[in-house]
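The file run_27.csv comes next; it holds CSV, C-alpha atoms.
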chain,number,residue,atom,x,y,z
A,509,MET,CA,0.0,0.0,0.0
A,510,ASN,CA,1.5,3.3,-1.1
A,511,SER,CA,-0.3,6.4,-0.2
A,512,LYS,CA,2.5,8.8,0.2
A,513,PRO,CA,1.2,12.2,-1.0
A,514,GLN,CA,2.2,12.7,-4.6
A,515,PRO,CA,3.8,16.1,-5.2
A,516,GLY,CA,2.0,18.4,-7.6
A,517,LYS,CA,-0.9,20.7,-7.9
A,518,ASP,CA,-3.4,18.1,-6.8
A,519,ASN,CA,-2.4,18.3,-3.1
A,520,PHE,CA,-1.8,22.0,-2.8
A,521,THR,CA,-5.2,22.6,-1.1
A,522,ARG,CA,-4.7,19.7,1.2
A,523,ASN,CA,-1.1,20.7,2.2
A,524,LEU,CA,-2.3,24.3,2.7
A,525,VAL,CA,-5.1,23.1,5.0
A,526,ILE,CA,-2.7,21.0,7.0
A,527,VAL,CA,-0.2,23.9,7.5
A,528,VAL,CA,-3.0,26.2,8.5
A,529,VAL,CA,-4.6,23.8,11.0
A,530,VAL,CA,-1.3,22.9,12.6
A,531,GLY,CA,-0.2,26.6,12.6
A,532,VAL,CA,-3.4,27.9,14.2
A,533,ILE,CA,-3.4,25.2,16.8
A,534,LEU,CA,0.2,25.9,17.8
A,535,LEU,CA,-0.5,29.7,17.9
A,536,MET,CA,-3.3,29.1,20.3
A,537,LEU,CA,-1.5,26.4,22.4
A,538,VAL,CA,1.7,28.2,23.2
A,539,PRO,CA,0.2,31.3,24.9
A,540,THR,CA,-2.3,29.0,26.7
A,541,LEU,CA,0.6,26.9,28.1
A,542,LEU,CA,2.4,30.0,29.2
A,543,SER,CA,-0.7,31.5,30.9
A,544,LYS,CA,-1.0,28.4,33.1
A,545,LYS,CA,2.3,29.2,34.8
A,546,THR,CA,2.3,31.0,38.2
A,547,ASN,CA,2.6,34.7,37.5
A,548,LYS,CA,5.0,36.1,40.0
A,549,ASP,CA,4.0,39.7,39.2
A,550,ALA,CA,0.3,39.1,39.9
A,551,VAL,CA,-1.5,41.5,42.3
A,552,ILE,CA,-2.4,39.4,45.3
A,553,PRO,CA,-4.8,40.1,48.2
A,554,SER,CA,-3.1,41.3,51.4
A,555,VAL,CA,-4.1,38.1,53.3
A,556,ALA,CA,-2.8,35.7,50.6
A,557,SER,CA,0.8,34.6,50.4
A,558,SER,CA,2.8,32.5,48.0
A,559,ALA,CA,4.0,30.5,51.1
A,560,HIS,CA,0.5,29.0,51.4
A,561,GLY,CA,-0.1,28.4,47.7
A,562,TYR,CA,-1.6,31.9,47.2
A,563,GLY,CA,-4.6,30.9,49.4
A,564,ILE,CA,-6.4,33.4,51.6
A,565,THR,CA,-4.9,32.7,55.0
A,566,TYR,CA,-6.1,33.1,58.5
A,567,ASN,CA,-3.9,32.8,61.6
A,568,ALA,CA,-0.8,32.5,59.5
A,569,ASP,CA,1.4,33.4,62.4
A,570,LEU,CA,0.1,30.8,64.8
A,571,THR,CA,2.5,27.9,65.6
A,572,GLY,CA,1.6,24.5,67.1
A,573,VAL,CA,-1.9,24.4,65.6
A,574,PRO,CA,-3.2,22.4,62.7
A,575,VAL,CA,-3.0,23.9,59.2
A,576,ILE,CA,-6.2,23.3,57.3
A,577,ASP,CA,-6.0,23.9,53.5
A,578,ILE,CA,-9.4,24.0,51.8
A,579,TYR,CA,-9.6,23.7,48.0
A,580,GLU,CA,-13.0,24.7,46.8
A,581,ASP,CA,-14.8,26.3,43.9
A,582,PHE,CA,-17.6,28.8,44.6
A,583,GLN,CA,-19.7,27.2,41.9
A,584,CYS,CA,-19.3,23.6,43.1
A,585,PRO,CA,-22.6,22.4,44.7
A,586,VAL,CA,-20.7,19.8,46.9
A,587,CYS,CA,-18.6,22.7,48.2
A,588,ALA,CA,-21.8,24.4,49.3
A,589,GLN,CA,-22.7,21.2,51.1
A,590,PHE,CA,-19.3,21.1,52.8
A,591,GLU,CA,-19.7,24.8,53.8
A,592,ALA,CA,-23.2,24.1,55.2
A,593,ALA,CA,-21.9,21.2,57.2
A,594,GLN,CA,-18.5,22.6,58.5
A,595,GLY,CA,-18.4,26.3,57.7
A,596,ASP,CA,-19.3,27.6,61.1
A,597,TYR,CA,-17.0,25.1,62.9
A,598,ILE,CA,-14.1,26.2,60.7
A,599,GLU,CA,-14.9,29.9,61.3
A,600,SER,CA,-14.9,29.2,65.1
A,601,LEU,CA,-11.5,27.6,64.8
A,602,ILE,CA,-10.3,30.8,63.1
A,603,ALA,CA,-12.0,33.1,65.7
A,604,ASP,CA,-10.6,31.1,68.6
A,605,LYS,CA,-7.1,30.9,67.0
A,606,LYS,CA,-7.2,27.1,67.1
A,607,ALA,CA,-6.0,26.5,63.5
A,608,THR,CA,-4.4,28.1,60.5
A,609,VAL,CA,-6.9,28.0,57.8
A,610,VAL,CA,-6.1,28.6,54.1
A,611,TYR,CA,-8.9,29.0,51.5
A,612,HIS,CA,-7.9,28.1,48.0
A,613,THR,CA,-10.6,29.4,45.7
A,614,LEU,CA,-10.2,27.3,42.5
A,615,SER,CA,-12.0,28.1,39.3
A,616,PHE,CA,-12.2,25.0,37.2
A,617,LEU,CA,-15.9,25.3,36.6
A,618,GLY,CA,-15.7,28.2,34.3
A,619,PRO,CA,-15.8,32.0,34.0
A,620,GLU,CA,-18.2,32.6,36.8
A,621,SER,CA,-15.9,30.7,39.2
A,622,ILE,CA,-13.1,33.0,38.2
A,623,ALA,CA,-15.4,36.1,38.8
A,624,ALA,CA,-16.5,34.8,42.2
A,625,ALA,CA,-12.9,33.9,43.2
A,626,ASN,CA,-11.8,37.4,42.2
A,627,ALA,CA,-14.7,39.0,44.1
A,628,GLY,CA,-13.8,36.8,47.2
A,629,ALA,CA,-10.3,38.3,47.1
A,630,CYS,CA,-11.7,41.8,46.8
A,631,ALA,CA,-13.9,41.0,49.9
A,632,ALA,CA,-10.8,39.8,51.7
A,633,ASP,CA,-9.1,43.1,51.2
A,634,GLU,CA,-12.2,44.7,52.8
A,635,GLY,CA,-11.8,42.3,55.8
A,636,LYS,CA,-15.0,40.5,54.9
A,637,PHE,CA,-13.9,37.3,53.2
A,638,LEU,CA,-15.6,34.9,55.6
A,639,ASP,CA,-18.9,36.7,55.4
A,640,PHE,CA,-18.8,37.0,51.6
A,641,HIS,CA,-17.7,33.4,51.3
A,642,LYS,CA,-20.6,32.2,53.4
A,643,MET,CA,-23.1,34.4,51.5
A,644,LEU,CA,-21.9,33.1,48.1
A,645,TYR,CA,-22.5,29.5,49.1
A,646,VAL,CA,-25.9,30.2,50.6
A,647,THR,CA,-27.0,32.0,47.4
A,648,GLN,CA,-25.1,29.7,45.0
A,649,PRO,CA,-26.9,29.8,41.6
A,650,LYS,CA,-26.7,27.2,38.9
A,651,GLU,CA,-23.3,26.8,37.3
A,652,ASN,CA,-22.5,29.6,34.7
A,653,SER,CA,-26.1,30.6,34.5
A,654,GLY,CA,-25.1,34.3,34.2
A,655,ALA,CA,-26.2,35.1,37.8
A,656,TRP,CA,-22.6,35.8,38.9
A,657,SER,CA,-21.7,38.6,36.6
A,658,ASN,CA,-19.1,41.1,37.9
A,659,ALA,CA,-21.9,43.7,38.4
A,660,ALA,CA,-24.1,41.2,40.4
A,661,LEU,CA,-21.1,40.1,42.5
A,662,ALA,CA,-20.2,43.7,43.3
A,663,ALA,CA,-23.8,44.5,44.3
A,664,SER,CA,-24.0,41.4,46.5
A,665,GLY,CA,-21.2,42.8,48.7
A,666,GLN,CA,-23.8,45.1,50.2
A,667,SER,CA,-25.6,42.1,51.8
A,668,VAL,CA,-22.5,41.5,54.0
A,669,GLY,CA,-21.9,45.2,54.6
A,670,ILE,CA,-19.3,46.0,52.0
A,671,THR,CA,-20.3,49.4,50.5
A,672,SER,CA,-17.0,50.9,49.4
A,673,GLN,CA,-16.4,52.0,45.8
A,674,LYS,CA,-13.0,50.3,46.0
A,675,PHE,CA,-14.7,46.9,46.3
A,676,THR,CA,-17.0,47.6,43.3
A,677,THR,CA,-14.0,48.7,41.1
A,678,CYS,CA,-12.0,45.7,42.3
A,679,VAL,CA,-14.7,43.3,41.3
A,680,THR,CA,-15.8,44.8,38.0
A,681,LYS,CA,-12.2,45.3,36.9
A,682,GLY,CA,-11.2,41.8,37.8
A,683,LYS,CA,-8.3,43.2,39.8
A,684,PHE,CA,-7.2,39.7,41.1
A,685,ALA,CA,-7.7,37.7,37.9
A,686,ASP,CA,-4.0,36.8,37.7
A,687,TRP,CA,-4.0,35.8,41.3
A,688,VAL,CA,-7.0,33.5,40.6
A,689,GLY,CA,-4.8,31.9,37.9
A,690,ASN,CA,-2.0,31.5,40.4
A,691,VAL,CA,-4.3,29.8,42.9
A,692,ALA,CA,-5.4,27.3,40.2
A,693,ALA,CA,-1.8,26.7,39.1
A,694,GLU,CA,-0.7,26.0,42.7
A,695,GLY,CA,-3.7,23.7,43.3
A,696,ALA,CA,-2.7,21.8,40.1
A,697,LYS,CA,0.8,21.3,41.5
A,698,LYS,CA,-0.7,20.0,44.8
A,699,ASN,CA,-2.6,17.3,42.8
A,700,VAL,CA,-6.1,18.5,43.8
A,701,ASN,CA,-8.4,16.4,41.7
A,702,SER,CA,-11.8,17.3,43.0
A,703,THR,CA,-13.5,19.9,45.1
A,704,PRO,CA,-13.9,20.3,48.0
A,705,THR,CA,-10.5,18.9,49.0
A,706,VAL,CA,-9.2,19.4,52.5
A,707,PHE,CA,-5.6,18.9,53.7
A,708,ILE,CA,-4.9,18.8,57.4
A,709,ASN,CA,-1.2,19.5,58.0
A,710,GLY,CA,-0.6,18.6,54.4
A,711,LYS,CA,-2.4,15.2,54.6
A,712,GLU,CA,-5.5,14.8,52.5
A,713,LEU,CA,-8.7,14.2,54.4
A,714,ASN,CA,-10.3,10.8,53.7
A,715,ARG,CA,-12.9,11.0,50.9
A,716,GLY,CA,-16.3,10.2,52.2
A,717,ASN,CA,-18.1,11.0,55.4
A,718,ASP,CA,-15.2,12.9,57.0
A,719,TYR,CA,-16.3,16.0,54.9
A,720,TYR,CA,-19.9,16.1,55.9
A,721,ASP,CA,-20.1,14.6,59.4
A,722,ARG,CA,-19.2,17.2,62.1
A,723,ASN,CA,-17.8,14.7,64.6
A,724,LEU,CA,-15.7,12.9,62.1
A,725,PHE,CA,-14.4,16.2,60.7
A,726,LYS,CA,-13.6,17.5,64.1
A,727,ALA,CA,-11.9,14.2,65.1
A,728,ALA,CA,-9.7,14.4,61.9
A,729,ILE,CA,-8.6,17.9,62.7
A,730,GLU,CA,-7.9,17.1,66.3
A,731,ARG,CA,-5.8,14.1,65.2
A,732,GLY,CA,-3.8,16.5,63.1
B,222,MET,CA,-10.8,-1.9,-4.6
B,223,LYS,CA,-14.5,-2.2,-4.0
B,224,THR,CA,-16.6,0.9,-4.8
B,225,PHE,CA,-18.1,1.2,-1.3
B,226,THR,CA,-14.7,1.4,0.4
B,227,PRO,CA,-14.4,5.2,0.0
B,228,TRP,CA,-17.8,5.5,1.6
B,229,ILE,CA,-16.7,3.5,4.6
B,230,GLY,CA,-13.6,5.7,4.7
B,231,LEU,CA,-15.8,8.8,4.7
B,232,ILE,CA,-18.0,7.5,7.6
B,233,SER,CA,-14.9,6.5,9.6
B,234,ARG,CA,-13.3,9.9,9.0
B,235,LEU,CA,-16.5,11.7,10.1
B,236,ILE,CA,-17.1,9.6,13.2
B,237,LEU,CA,-13.5,9.5,14.5
B,238,GLY,CA,-12.9,13.2,13.5
B,239,GLY,CA,-16.2,14.3,14.9
B,240,VAL,CA,-15.6,12.6,18.2
B,241,LEU,CA,-12.1,14.0,18.5
B,242,LEU,CA,-13.2,17.5,17.6
B,243,ALA,CA,-16.1,17.4,20.1
B,244,ALA,CA,-13.9,16.0,22.9
B,245,GLY,CA,-11.2,18.6,22.2
B,246,LEU,CA,-13.7,21.5,22.2
B,247,LEU,CA,-15.4,20.4,25.4
B,248,LYS,CA,-12.0,20.0,27.2
B,249,TYR,CA,-10.8,23.4,25.8
B,250,GLN,CA,-13.6,25.2,27.6
B,251,HIS,CA,-12.3,23.9,31.0
B,252,LEU,CA,-8.6,23.5,30.8
B,253,ASP,CA,-8.2,23.4,34.6
B,254,LYS,CA,-10.5,20.5,34.7
B,255,SER,CA,-8.7,18.8,31.7
B,256,GLN,CA,-5.5,19.0,33.7
B,257,MET,CA,-7.3,17.5,36.7
B,258,ALA,CA,-8.7,14.7,34.6
B,259,VAL,CA,-5.2,13.7,33.4
B,260,ARG,CA,-3.8,13.9,37.0
B,261,ALA,CA,-6.5,11.7,38.3
B,262,TYR,CA,-5.2,8.7,36.2
B,263,GLU,CA,-2.2,8.7,38.6
B,264,LEU,CA,0.0,7.6,35.8
B,265,LEU,CA,2.3,10.5,35.2
B,266,PRO,CA,4.3,13.0,37.4
B,267,ILE,CA,2.0,15.9,38.2
B,268,ALA,CA,3.9,18.5,36.2
B,269,ILE,CA,3.8,16.4,33.1
B,270,ALA,CA,0.1,15.5,33.6
B,271,ASN,CA,-0.6,19.2,33.9
B,272,VAL,CA,1.1,20.0,30.5
B,273,ILE,CA,-0.7,17.1,28.8
B,274,GLY,CA,-4.0,18.3,30.2
B,275,ILE,CA,-3.5,21.5,28.2
B,276,VAL,CA,-1.9,20.0,25.1
B,277,LEU,CA,-4.4,17.2,24.6
B,278,PRO,CA,-7.5,19.3,23.8
B,279,PHE,CA,-5.6,21.2,21.1
B,280,LEU,CA,-4.2,18.0,19.7
B,281,GLU,CA,-7.7,16.5,19.5
B,282,ILE,CA,-9.2,19.6,17.9
B,283,GLY,CA,-6.4,19.6,15.2
B,284,MET,CA,-6.7,15.9,14.5
B,285,GLY,CA,-10.5,16.1,14.4
B,286,LEU,CA,-10.4,19.0,11.9
B,287,LEU,CA,-7.9,17.2,9.6
B,288,LEU,CA,-9.9,14.0,9.6
B,289,ILE,CA,-13.2,15.7,8.9
B,290,LEU,CA,-11.6,17.6,6.0
B,291,GLY,CA,-9.8,14.5,4.9
B,292,ALA,CA,-6.3,16.1,4.9
B,293,GLY,CA,-3.5,13.6,5.7
B,294,THR,CA,-6.1,10.9,6.5
B,295,ARG,CA,-3.7,8.0,6.6
B,296,ILE,CA,-1.2,9.5,9.1
B,297,VAL,CA,-3.9,11.2,11.2
B,298,GLY,CA,-6.0,8.0,11.3
B,299,LEU,CA,-3.0,6.2,12.6
B,300,ALA,CA,-2.3,8.9,15.2
B,301,GLY,CA,-6.0,8.8,16.3
B,302,ALA,CA,-5.8,5.0,16.7
B,303,VAL,CA,-2.6,5.4,18.8
B,304,LEU,CA,-4.3,8.1,20.9
B,305,MET,CA,-7.3,5.8,21.5
B,306,PHE,CA,-5.0,3.0,22.4
B,307,ILE,CA,-3.3,5.1,25.0
B,308,PHE,CA,-6.7,6.0,26.4
B,309,VAL,CA,-7.6,2.3,26.6
B,310,ILE,CA,-4.4,1.7,28.6
B,311,GLY,CA,-5.1,4.6,30.9
B,312,ILE,CA,-8.7,3.6,31.6
B,313,SER,CA,-7.7,-0.1,32.0
B,314,GLN,CA,-5.0,0.6,34.5
B,315,ALA,CA,-7.4,2.9,36.5
B,316,TRP,CA,-10.0,0.1,36.6
B,317,ALA,CA,-7.4,-2.5,37.5
B,318,ARG,CA,-6.0,-0.4,40.3
B,319,GLY,CA,-9.5,0.3,41.6
B,320,LEU,CA,-9.3,4.1,41.1
B,321,SER,CA,-12.6,5.9,41.1
B,322,ILE,CA,-12.3,8.5,38.3
B,323,ASP,CA,-14.3,10.0,35.5
B,324,CYS,CA,-12.4,9.3,32.3
B,325,GLY,CA,-12.6,13.0,31.4
B,326,CYS,CA,-13.1,11.9,27.8
B,327,PHE,CA,-15.5,14.7,27.0
B,328,GLY,CA,-14.6,17.3,29.6
B,329,GLY,CA,-15.3,16.6,33.2
B,330,GLY,CA,-12.9,14.2,34.9
B,331,GLY,CA,-11.3,13.9,38.3
B,332,GLN,CA,-12.2,11.7,41.2
B,333,VAL,CA,-15.8,10.4,41.5
B,334,ALA,CA,-17.6,8.7,44.4
B,335,PRO,CA,-16.4,5.1,44.8
B,336,GLY,CA,-18.5,2.7,42.8
B,337,THR,CA,-19.8,5.2,40.3
B,338,ALA,CA,-17.0,4.9,37.8
B,339,ASN,CA,-18.2,3.4,34.6
B,340,TYR,CA,-15.2,1.9,32.8
B,341,LEU,CA,-16.5,-0.8,30.4
B,342,PRO,CA,-18.5,1.4,28.0
B,343,GLU,CA,-15.6,3.9,27.8
B,344,LEU,CA,-13.2,1.1,27.0
B,345,LEU,CA,-15.5,-0.3,24.3
B,346,ARG,CA,-16.0,3.1,22.7
B,347,ASP,CA,-12.3,3.9,22.6
B,348,ALA,CA,-11.5,0.4,21.2
B,349,GLY,CA,-14.1,1.0,18.4
B,350,LEU,CA,-12.7,4.4,17.6
B,351,ALA,CA,-9.2,2.9,17.5
B,352,ALA,CA,-10.5,0.3,15.0
B,353,LEU,CA,-11.8,3.2,12.8
B,354,GLY,CA,-8.3,4.8,12.9
B,355,ILE,CA,-6.6,1.6,11.9
B,356,TYR,CA,-9.1,1.2,9.1
B,357,LEU,CA,-8.2,4.7,7.8
B,358,PHE,CA,-4.5,3.9,8.1
B,359,ILE,CA,-4.9,0.8,5.9
B,360,TYR,CA,-7.6,2.2,3.5
B,361,PRO,CA,-7.2,5.9,3.4
B,362,GLN,CA,-9.3,6.3,0.3
B,363,SER,CA,-12.5,8.2,1.1
B,364,LYS,CA,-15.1,10.4,-0.5
B,365,PHE,CA,-15.0,14.2,-0.3
B,366,ALA,CA,-11.5,14.2,1.0
B,367,LEU,CA,-8.8,16.8,0.3
B,368,ASP,CA,-6.3,14.0,-0.1
B,369,LYS,CA,-6.3,13.8,-3.9
B,370,ASN,CA,-4.0,10.9,-4.1
B,371,SER,CA,-6.4,8.6,-2.2
B,372,HIS,CA,-8.9,8.7,-5.0
B,373,GLN,CA,-6.3,7.9,-7.6
B,374,GLN,CA,-5.0,5.2,-5.4
B,375,GLY,CA,-8.5,3.8,-5.2
B,376,ASN,CA,-8.8,3.8,-9.0
B,377,GLN,CA,-5.4,2.2,-9.6
B,378,SER,CA,-5.7,-0.7,-7.2
Take the structure I supplied and represent it as structure tokens, if you would.
Amino acid sequence: MNSKPQPGKDNFTRNLVIVVVVGVILLMLVPTLLSKKTNKDAVIPSVASSAHGYGITYNADLTGVPVIDIYEDFQCPVCAQFEAAQGDYIESLIADKKATVVYHTLSFLGPESIAAANAGACAADEGKFLDFHKMLYVTQPKENSGAWSNAALAASGQSVGITSQKFTTCVTKGKFADWVGNVAAEGAKKNVNSTPTVFINGKELNRGNDYYDRNLFKAAIERG
Amino acid sequence: MKTFTPWIGLISRLILGGVLLAAGLLKYQHLDKSQMAVRAYELLPIAIANVIGIVLPFLEIGMGLLLILGAGTRIVGLAGAVLMFIFVIGISQAWARGLSIDCGCFGGGGQVAPGTANYLPELLRDAGLAALGIYLFIYPQSKFALDKNSHQQGNQS
């Protein structure tokens, strides 16, 4: 069987098509690959640090307490269940200085996850991340339904008492978009393959009931 | 060469090409999730899996377009069969090791609740697609293709 392309006019269109398709694919692929790298120059919220994978960090300065890393996506319904089950307990750990808690707001579900994560970072700079975080999960709309436009997210800040113009600008301009990319890139490096994923002192919490049963979750954190 | 072979070639091209194009486009919309899907197979170092999660959708889109247009059918058909064969290996090892993952074939992917993974239909589908790719490698002649030589070949043999 010999089906080597025969040179000549006959295959001009075909060769042109191959070159164009391969060329366009490469032109799109290379910038995408570069954009998935951690951007060291990204503007980051004041409570986030590269030391904790760019996550929004509470009680970073405490020592001798468990470190809880929470990887979540504001649009993920199971994350809303996790928040409903453990959110107030985690907040009490933060308030009582019993744990270092790092929120990694991933954005793998699409554009509205990116918008929500950016808005969360804006709320963090207003000192209202936890309230805003809770409010987003309580009011979580259907995935990418258009409900979480930047304008809507900016307006929703009012329900947790954020009224500054700085917040509105931050949300609508996507101030922390590069930071959202960094959080995603760091999560990818940590091999986070579903949300929510919780690490306690760097060890992944057992998949299953530990996420949704208060006593099991508490026991896992106390074990460290 | 029988007269209906080019028609089988056309159908094979459209099915394999269409599936590749659709799979690539769906993954392209959620590249973070595509990376997650590749990592979840636990076959490759994380850094390499993350690169493949980005490259794969582009590769699938390109191969899908070329197959649908019938440009370089023989070599792209072979590449498609090789790709499907790799997917079969990936899914089989996940099944054999008892991992609970979504294959991530058409977007999605990552870990799923134990017992809800559905490997057999995915394996059969990929094996069938691999067979189409092999067919195109052996009989690249097909209707409405940009490959001019394949028609001549069909007439000569």
Seminar exercise, completed: atom CA of Ser672 of chain A sits from atom CA of Pro553 of chain A at a separation of 16.3 Å
Contact residues around segment 678-695 of chain A with all atoms listed in the file at 8 Å, ignoring same-chain residues under 4 positions, as a JSON list (two decimals) with C-alpha atoms, in the coordinates of the input:
[["chain", "number", "residue", "atom", "x", "y", "z"],
["A", 544, "LYS", "CA", -1.00, 28.40, 33.10],
["A", 545, "LYS", "CA", 2.30, 29.20, 34.80],
["A", 546, "THR", "CA", 2.30, 31.00, 38.20],
["A", 547, "ASN", "CA", 2.60, 34.70, 37.50],
["A", 550, "ALA", "CA", 0.30, 39.10, 39.90],
["A", 551, "VAL", "CA", -1.50, 41.50, 42.30],
["A", 552, "ILE", "CA", -2.40, 39.40, 45.30],
["A", 553, "PRO", "CA", -4.80, 40.10, 48.20],
["A", 561, "GLY", "CA", -0.10, 28.40, 47.70],
["A", 562, "TYR", "CA", -1.60, 31.90, 47.20],
["A", 563, "GLY", "CA", -4.60, 30.90, 49.40],
["A", 579, "TYR", "CA", -9.60, 23.70, 48.00],
["A", 612, "HIS", "CA", -7.90, 28.10, 48.00],
["A", 613, "THR", "CA", -10.60, 29.40, 45.70],
["A", 614, "LEU", "CA", -10.20, 27.30, 42.50],
["A", 615, "SER", "CA", -12.00, 28.10, 39.30],
["A", 616, "PHE", "CA", -12.20, 25.00, 37.20],
["A", 622, "ILE", "CA", -13.10, 33.00, 38.20],
["A", 623, "ALA", "CA", -15.40, 36.10, 38.80],
["A", 625, "ALA", "CA", -12.90, 33.90, 43.20],
["A", 626, "ASN", "CA", -11.80, 37.40, 42.20],
["A", 627, "ALA", "CA", -14.70, 39.00, 44.10],
["A", 629, "ALA", "CA", -10.30, 38.30, 47.10],
["A", 630, "CYS", "CA", -11.70, 41.80, 46.80],
["A", 658, "ASN", "CA", -19.10, 41.10, 37.90],
["A", 659, "ALA", "CA", -21.90, 43.70, 38.40],
["A", 661, "LEU", "CA", -21.10, 40.10, 42.50],
["A", 662, "ALA", "CA", -20.20, 43.70, 43.30],
["A", 674, "LYS", "CA", -13.00, 50.30, 46.00],
["A", 699, "ASN", "CA", -2.60, 17.30, 42.80],
["A", 700, "VAL", "CA", -6.10, 18.50, 43.80],
["B", 253, "ASP", "CA", -8.20, 23.40, 34.60]]
Exercise. If you count all atoms listed in the file, which residues fall within 8 Å of Glu651 of chain A, apart from same-chain ones fewer than 3 positions away, as a list of chain:residue names?
Worked result: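 Close residues of Glu651 of chain A: A:Gln583, A:Cys584, A:Leu617, A:Glu620.
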Using 7 Å as the limit and counting all atoms listed in the file, can you tabulate each residue of chain A that touches chain B, with its shortest atom-to-atom distance in Å and the two atoms involved, as a tab-separated table?
residue	atom	partner	partner_atom	distance
A:Ser511	CA	B:Ser371	CA	6.8
A:Pro513	CA	B:Asn370	CA	6.2
A:Gln514	CA	B:Asn370	CA	6.5
A:Asp518	CA	B:Lys369	CA	5.9
A:Asn519	CA	B:Lys369	CA	6.0
A:Thr521	CA	B:Leu367	CA	7.0
A:Arg522	CA	B:Leu367	CA	5.1
A:Ile526	CA	B:Ala292	CA	6.4
A:Val529	CA	B:Gly283	CA	6.2
A:Val530	CA	B:Gly283	CA	6.6
A:Ile533	CA	B:Phe279	CA	6.3
A:Leu537	CA	B:Phe279	CA	6.7
A:Leu541	CA	B:Ile275	CA	6.8
A:Phe616	CA	B:Asp253	CA	5.0
A:Leu617	CA	B:His251	CA	6.8
A:Gly618	CA	B:His251	CA	6.4
A:Lys697	CA	B:Ile267	CA	6.4
A:Asn699	CA	B:Ile267	CA	6.7
A:Asn701	CA	B:Gly331	CA	5.1
A:Ser702	CA	B:Gly331	CA	5.8
Exercise. How many Å lie between atom CA of Thr705 of chain A and atom CA of Tyr719 of chain A, rounded to one decimal?
Worked result: 8.8 Å
Exercise. What is the atom CA of Ile312 of chain B-atom CA of Leu247 of chain B distance in Å, reported with one decimal?
Worked result: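 So the two atoms, atom CA of Ile312 of chain B and atom CA of Leu247 of chain B, lie 19.1 Å apart.
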Problem set entry | Nearest-residue call for His641 of chain A, choices A:Tyr720, A:Phe590, A:Trp656, A:Phe582, using all atoms listed in the file | A:Phe582
Exercise. How would you write as a list in words the residues that get within 9 Å of (-13.5, 16.3, 23.5) in the file's frame, counting all atoms listed in the file?
Worked result: Val240, Leu241, Leu242, Ala243, Ala244, Gly245, Leu246, Leu247, Lys248, Tyr249, Pro278, Glu281, Ile282, Gly325, Cys326, Phe327 and Gly328 of chain B
Store the residues picked out above in a file with C-alpha atoms, as an mmCIF file, in the coordinates of the input.
data_model
loop_
_atom_site.group_PDB
_atom_site.id
_atom_site.type_symbol
_atom_site.label_atom_id
_atom_site.label_comp_id
_atom_site.auth_asym_id
_atom_site.auth_seq_id
_atom_site.Cartn_x
_atom_site.Cartn_y
_atom_site.Cartn_z
ATOM 1 C CA VAL B 240 -15.600 12.600 18.200
ATOM 2 C CA LEU B 241 -12.100 14.000 18.500
ATOM 3 C CA LEU B 242 -13.200 17.500 17.600
ATOM 4 C CA ALA B 243 -16.100 17.400 20.100
ATOM 5 C CA ALA B 244 -13.900 16.000 22.900
ATOM 6 C CA GLY B 245 -11.200 18.600 22.200
ATOM 7 C CA LEU B 246 -13.700 21.500 22.200
ATOM 8 C CA LEU B 247 -15.400 20.400 25.400
ATOM 9 C CA LYS B 248 -12.000 20.000 27.200
ATOM 10 C CA TYR B 249 -10.800 23.400 25.800
ATOM 11 C CA PRO B 278 -7.500 19.300 23.800
ATOM 12 C CA GLU B 281 -7.700 16.500 19.500
ATOM 13 C CA ILE B 282 -9.200 19.600 17.900
ATOM 14 C CA GLY B 325 -12.600 13.000 31.400
ATOM 15 C CA CYS B 326 -13.100 11.900 27.800
ATOM 16 C CA PHE B 327 -15.500 14.700 27.000
ATOM 17 C CA GLY B 328 -14.600 17.300 29.600
#
For this session: Take the point (-7.8, 10.1, 9.2) in the file's coordinates, draw a sphere of radius 6 Å around it, and report as a list in words every protein, DNA or RNA residue with an atom inside or on it, counting all atoms listed in the file.
Result: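 Returned residue set, sorted by chain then number, is Arg234, Leu288, Thr294, Arg295, Val297, Gly298 and Leu357 of chain B.
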For this session: For Leu350 of chain B, list every protein, DNA or RNA residue within 10 Å, evaluated using all atoms listed in the file, and leave out those in the same chain fewer than 4 positions away; present the list as a ChimeraX atom specification.
Result: /B:233,236-238,240-241,298,301-302,304-306,344-346,354-356
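Considering only C-alpha atoms, the residue among A:Ala655, A:Ile729, A:Val527, A:Val555 positioned nearest to Glu634 of chain A is A:Val555.
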Problem set entry | Contact residues around Asp577 of chain A with only C-alpha atoms at 7 Å, ignoring same-chain residues under 4 positions, as a ChimeraX atom specification | /A:609-611,706-708
Exercise. Any idea what's packed within 10 Å of segment 567-574 of chain A, counting all atoms listed in the file, ignoring anything in its chain fewer than 5 positions away? Could you give it as number ranges by chain?
Worked result: A: 555-557, 559-560, 601-610, 707-710, 729-732
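Shortest separation to Ala696 of chain A among B:Ile269, B:Leu341, B:Lys364, B:Leu320 occurs at residue B:Ile269, atoms counted being only C-alpha atoms.
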